[in-house]
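A.B. asks: Once you've had a glance at the structure underneath, I'll fire off some questions.
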Amino acid sequence: MNSSLVLQAKNLSKTFSLGAEDLYVLKEIDLALPRSSSLSIRGESGCGKTTLLNLLARIEQADRGELTWNHRLMRCDRPATREEVAQRASFLGVVYQAYYLVPELDVLENVTLPARITGRFDPSIEDRARFLLEQMGVGNKSSQIPGKLSGGERQRVAIARALINRPEVLLADEPTGNLDERTGEEVMDLLLHACSEEGASLILVTHNLAFAQATDRQTFLSGGQLNEV
Amino acid sequence: MKIPWPLFLAWKQLFPTQRKVSFFSLLAIIGVALGVNVMIVVVAFMKGFQHKFREDIIDAQGHARAIPLSRTREWPQLQQELLNNSEVLAVSPYLQGPLLVQKGDYHSVPLSIGIDLSSGTSVLPLDEFLKNGQMRMEAHDAVDVTPFPQSKSMEDDVVFVSQYVANRLGVRPGAILRMGKSKDLKDELVGVRVLELGSEVPSAEWKLQYLGGEEWRLKSKGLEFDAKMRANNGRLYAGPGTPAFEVLNDRIKLEIGAESTYQTFRSSTIEVFSPVMIKRAQANEMVPPKEVRIGGIFEVPWQGFHAEAMIGSYRLLEDVRDATGLCDGMFLKFSPQISNHEETLHGFCEELQLPRSVNWAFVPWFVENAWFFDLLKFEEYLMILIMVPIGLVAAFAIAIALMTTVLRKIREIGLLVAMGGARGSVGSIFCLQGFLIGLLGAIAGCGLALLFIRYRDSIMSFIVVRIAGDEGKSGVAQFYDFYSLSVPYPWESSESASTFLTFALFAILVSTLAGLVPAWRASRMNPADALRNE
């Protein structure tokens, strides 16, 4: 195994059952992500991009295949163990198209939530959260509730939240999908810059060719196969 | 302080940042609080009633009774033996049995109790019972100044009857009115008040005149009575057959010659027949009835005390029942160390009975009235049985609300798992919400219950007056006597603390259980499906 790889998937397959028929979404996907690199995945809607991210994050169970997180080998055909779930919290950060901020918490509490979940919450985490929010350009919004933020601001908060635990890999699932072009570009710049600053590897799922081309490697998912572009 | 993240999120979902409280949380907490409040208040009041009845029973019959297994004349020895025991505070013999009493064409057969005049009131607080049964008269341009009858005025030919008997026979104790315009009749204006009105005082009009210094004059034209008297320690008394007065120290300066007029009404007399006298009369013996006067009317708060009752002297009962030297039992009063705990009291009674078990039985008050307390206990359990389903209904409401929250937050649940939250921890958020609702509701409910206990009289009066008016209020108070209920705070009695704690814990437990189903549902959720949820 290549020691510079932070995440590696081998033969990942996933089938969804649609009544009597099976839908093969992912067929023996191989993927290798070197440390501090970025990779984009494009593909048509419904081709399985989000499913692939879920498999890589061990949120979803694969039919078969292996996954390596920072040299830890995991079988993907069974649910994530408690240890794997705990490891996920520090290994991965996830950014979603729909932000998924917790409406009852303010911005600062939302950003520090993953640290609470991993038991790392302390005053220094709040300092880091403020630093990340400053980096994202929403430092002055830390005491606001999500309901009072614009879409772009929410996504910036979501990126800060994904980075709070200093993850080694950031999975971003169409992070600009809900944003207008200009805001989307700003957010993408911030995302790439932040990953670079934090030394996190990035897997970006996007429909936008320009954003995909801003990553180190570009792939295209089609017919269940992931091909390098 | 580091708090577990599920607890942090549970708290935040109930009390979101920048909002004081969510509507759901408020309703749920109020619901639990009201439930806890009602349960605590009902049970506390039930216990208050039990305590009140306990006090009333002890007042009416002492801590225990020594009952001879056969009629005996050897009770004075036992009385002395018992009084030698330092734990025995008072022993009072009594005779009791039904007597026929008659006033004109009206008659009654009250249970008559003859108590020893010297020791009786040390067991029975007769003066308190007499106050309760005081009659008041209303008259134009006059004010009723009849003093409360006192147990000390009981003599061998003076009896006290229950309100029921008084009403039935149409009898009353002596009464005295001060005549004149009502506004001028206050004690402080007249300078004297009536201190005692013996049952032997005849019906008459009296004039009390101030002669200056300590000199006063009392005269009655109808009785051809005219006597001067001096105030003796403020007491004015012209002799038997006259009312006694008290000169008020803080009276206004009376003018010499100032006088006030009084009208006395002689107390009723009744004729008493005992079964022995009736038997003799049936045998054509000449047996005149015993004529006695009404010294006062009593009301014993203990409902189990006979409504048709008469209290007279031991000697009166001895005389009319031809029971010289006999006794039907003795009322006993013990020291608080013995009487405060039922088990101790029971043990002490057994200890007293053991060497005398051939002739005497020592029966504690709670054994004699066990049926009544069993009934009260049954009522208390019944109330709890009715209230517990109400608590469960509140729990179902909480469960439904939390379940709705789970459905509303499906994607958030997926996110929390994606961020590394264990499924069990995510599920526990909802269980903890139930716990917090229960905890806060229980605290608020206990607070409400404390307020209710603190202001119970005002609240009850407010409610009763609104429903039944002032008449209803006095009626309810007479029947339930809630104004004199002792409902202790939890820091005053372990029993009260246990009531508060039990219902608070019940509410917390039920609310937490109500969160279990939503929690289970949340923890079973597939995070990927949850995140895909629209």
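Just so we're on the same page: first chain in the structure tokens is A, next is B, and so on; residues restart at 1 for each chain, and ligands are numbered from 1 in the order they show up.
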I want to know what sits within 6 Å of Phe362 (chain B), based on only C-alpha atoms, with residues of the same chain fewer than 6 positions away left out; could you give that as a list in words?
C.D. replies: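 Contacts, in chain order: Arg65, Ala66, Cys349 and Gln353 of chain B.
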A.B. asks: Would you mind listing, as a list of chain:residue names, all residues of chain A that have at least one atom within 8 Å of chain B, where only C-alpha atoms are what counts?
C.D. replies: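 Only these qualify: A:Asn54, A:Ala57, A:Ile59, A:Glu60, A:Arg82, A:Val85, A:Ala86, A:Gln87, A:Arg88, A:Ala89, A:Ser90, A:Leu92, A:Gly93, A:Val94, A:Tyr100, A:Leu101, A:Val102, A:Glu104, A:Leu105, A:Asp106, A:Leu113, A:Pro114, A:Arg116, A:Ile117, A:Thr118, A:Phe121, A:Asp122, A:Ile145.
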A.B. asks: What's the 7 Å shell around Phe220 (chain A), counting only C-alpha atoms, without same-chain residues fewer than 4 positions away, as a list in words?
C.D. replies: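 That gives Ile41, Arg42, Gly43, Leu226, Asn227, Glu228 and Val229 of chain A.
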A.B. asks: Env of Thr51 (chain A): 12 Å cut, atoms = only C-alpha atoms, seq-sep filter 5 positions within chain, self excluded. Answer as a PyMOL selection string.
C.D. replies: (chain A and resi 12-16+24-27+29+41+45-46+56-62+171+173+205+221+224) or (chain B and resi 527-529+531-532)
A.B. asks: Hey, can you spit out that residue selection with C-alpha atoms as a PDB file, in the first residue's frame?
C.D. replies:
```
ATOM      1  CA  LEU A  12     -16.626  -0.978  -3.974  1.00  0.00           C
ATOM      2  CA  SER A  13     -19.981  -2.154  -5.288  1.00  0.00           C
ATOM      3  CA  LYS A  14     -23.460  -1.078  -4.394  1.00  0.00           C
ATOM      4  CA  THR A  15     -26.805  -2.327  -5.580  1.00  0.00           C
ATOM      5  CA  PHE A  16     -30.236  -0.943  -4.756  1.00  0.00           C
ATOM      6  CA  TYR A  24     -26.325  -1.648  -9.920  1.00  0.00           C
ATOM      7  CA  VAL A  25     -25.238   1.855  -8.918  1.00  0.00           C
ATOM      8  CA  LEU A  26     -21.539   1.287  -8.307  1.00  0.00           C
ATOM      9  CA  LYS A  27     -19.536  -1.504  -9.861  1.00  0.00           C
ATOM     10  CA  ILE A  29     -15.021   1.158  -7.873  1.00  0.00           C
ATOM     11  CA  ILE A  41     -16.294  13.469  -9.138  1.00  0.00           C
ATOM     12  CA  SER A  45     -27.865  13.218 -11.530  1.00  0.00           C
ATOM     13  CA  GLY A  46     -28.680   9.869  -9.942  1.00  0.00           C
ATOM     14  CA  LEU A  56     -16.396   6.288   1.491  1.00  0.00           C
ATOM     15  CA  ALA A  57     -17.675   7.811   4.742  1.00  0.00           C
ATOM     16  CA  ARG A  58     -18.997   4.405   5.955  1.00  0.00           C
ATOM     17  CA  ILE A  59     -22.415   5.975   6.347  1.00  0.00           C
ATOM     18  CA  GLU A  60     -23.809   3.399   3.995  1.00  0.00           C
ATOM     19  CA  GLN A  61     -22.996  -0.292   3.650  1.00  0.00           C
ATOM     20  CA  ALA A  62     -21.564  -1.589   0.368  1.00  0.00           C
ATOM     21  CA  LEU A 171     -16.108  15.094   1.439  1.00  0.00           C
ATOM     22  CA  ASP A 173     -21.320  16.834  -1.920  1.00  0.00           C
ATOM     23  CA  VAL A 205     -18.795  16.009  -6.005  1.00  0.00           C
ATOM     24  CA  LEU A 221     -18.925   8.498 -12.711  1.00  0.00           C
ATOM     25  CA  GLY A 224     -21.390   2.535 -12.109  1.00  0.00           C
TER      26      GLY A 224
ATOM     27  CA  PRO B 527     -28.179   7.746   8.216  1.00  0.00           C
ATOM     28  CA  ALA B 528     -27.864   7.537   4.439  1.00  0.00           C
ATOM     29  CA  ASP B 529     -31.634   7.202   4.056  1.00  0.00           C
ATOM     30  CA  LEU B 531     -29.803  12.308   4.599  1.00  0.00           C
ATOM     31  CA  ARG B 532     -31.657  11.484   1.377  1.00  0.00           C
TER      32      ARG B 532
END
```
A.B. asks: List the neighbours of Phe129 (chain B) out to 8 Å using only C-alpha atoms; skip same-chain residues closer than 6 positions along the sequence, and give me the result as a VMD selection string.
C.D. replies: chain B and resid 298 to 301
A.B. asks: Using only C-alpha atoms for the distances, tell me which of A:Thr176, A:Thr68, A:Asn11, A:Ser37 is nearest to Glu197 (chain A).
C.D. replies: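 With only C-alpha atoms as the atom set, the closest residue is A:Ser37.
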A.B. asks: Counting only C-alpha atoms, which of A:Ala80, A:Val187, A:Leu31, A:Val6 gets nearest to Ser201 (chain A)?
C.D. replies: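 Checking each of A:Ala80, A:Val187, A:Leu31, A:Val6 against Ser201 (chain A), counting only C-alpha atoms, the winner is A:Val6.
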A.B. asks: Env of region 307-315 of chain B: 7 Å cut, atoms = only C-alpha atoms, seq-sep filter 5 positions within chain, self excluded. Answer as number ranges by chain.
C.D. replies: B: 94-95, 110-117, 155-156, 158-162, 164-165
A.B. asks: How would the residues just picked look written out with C-alpha atoms as a compact mmCIF listing (two decimals), in the first residue's frame?
C.D. replies:
```txt
# COMPACT_ATOMS: atom_id res chain seq x y z
CA TYR B 94 -66.04 7.98 82.42
CA LEU B 95 -69.46 6.48 82.45
CA PRO B 110 -78.18 10.89 73.18
CA LEU B 111 -75.13 8.85 74.02
CA SER B 112 -74.32 10.43 77.35
CA ILE B 113 -70.81 10.58 78.69
CA GLY B 114 -70.17 11.36 82.29
CA ILE B 115 -66.67 12.69 82.80
CA ASP B 116 -64.78 13.35 85.96
CA LEU B 117 -64.89 17.14 86.42
CA GLU B 155 -71.75 20.96 87.46
CA ASP B 156 -73.72 17.92 88.47
CA VAL B 158 -75.41 21.32 84.24
CA VAL B 159 -74.81 19.43 80.99
CA PHE B 160 -73.48 20.17 77.56
CA VAL B 161 -75.38 18.85 74.58
CA SER B 162 -74.38 18.43 70.95
CA TYR B 164 -77.92 18.01 67.05
CA VAL B 165 -79.59 17.47 70.42
```
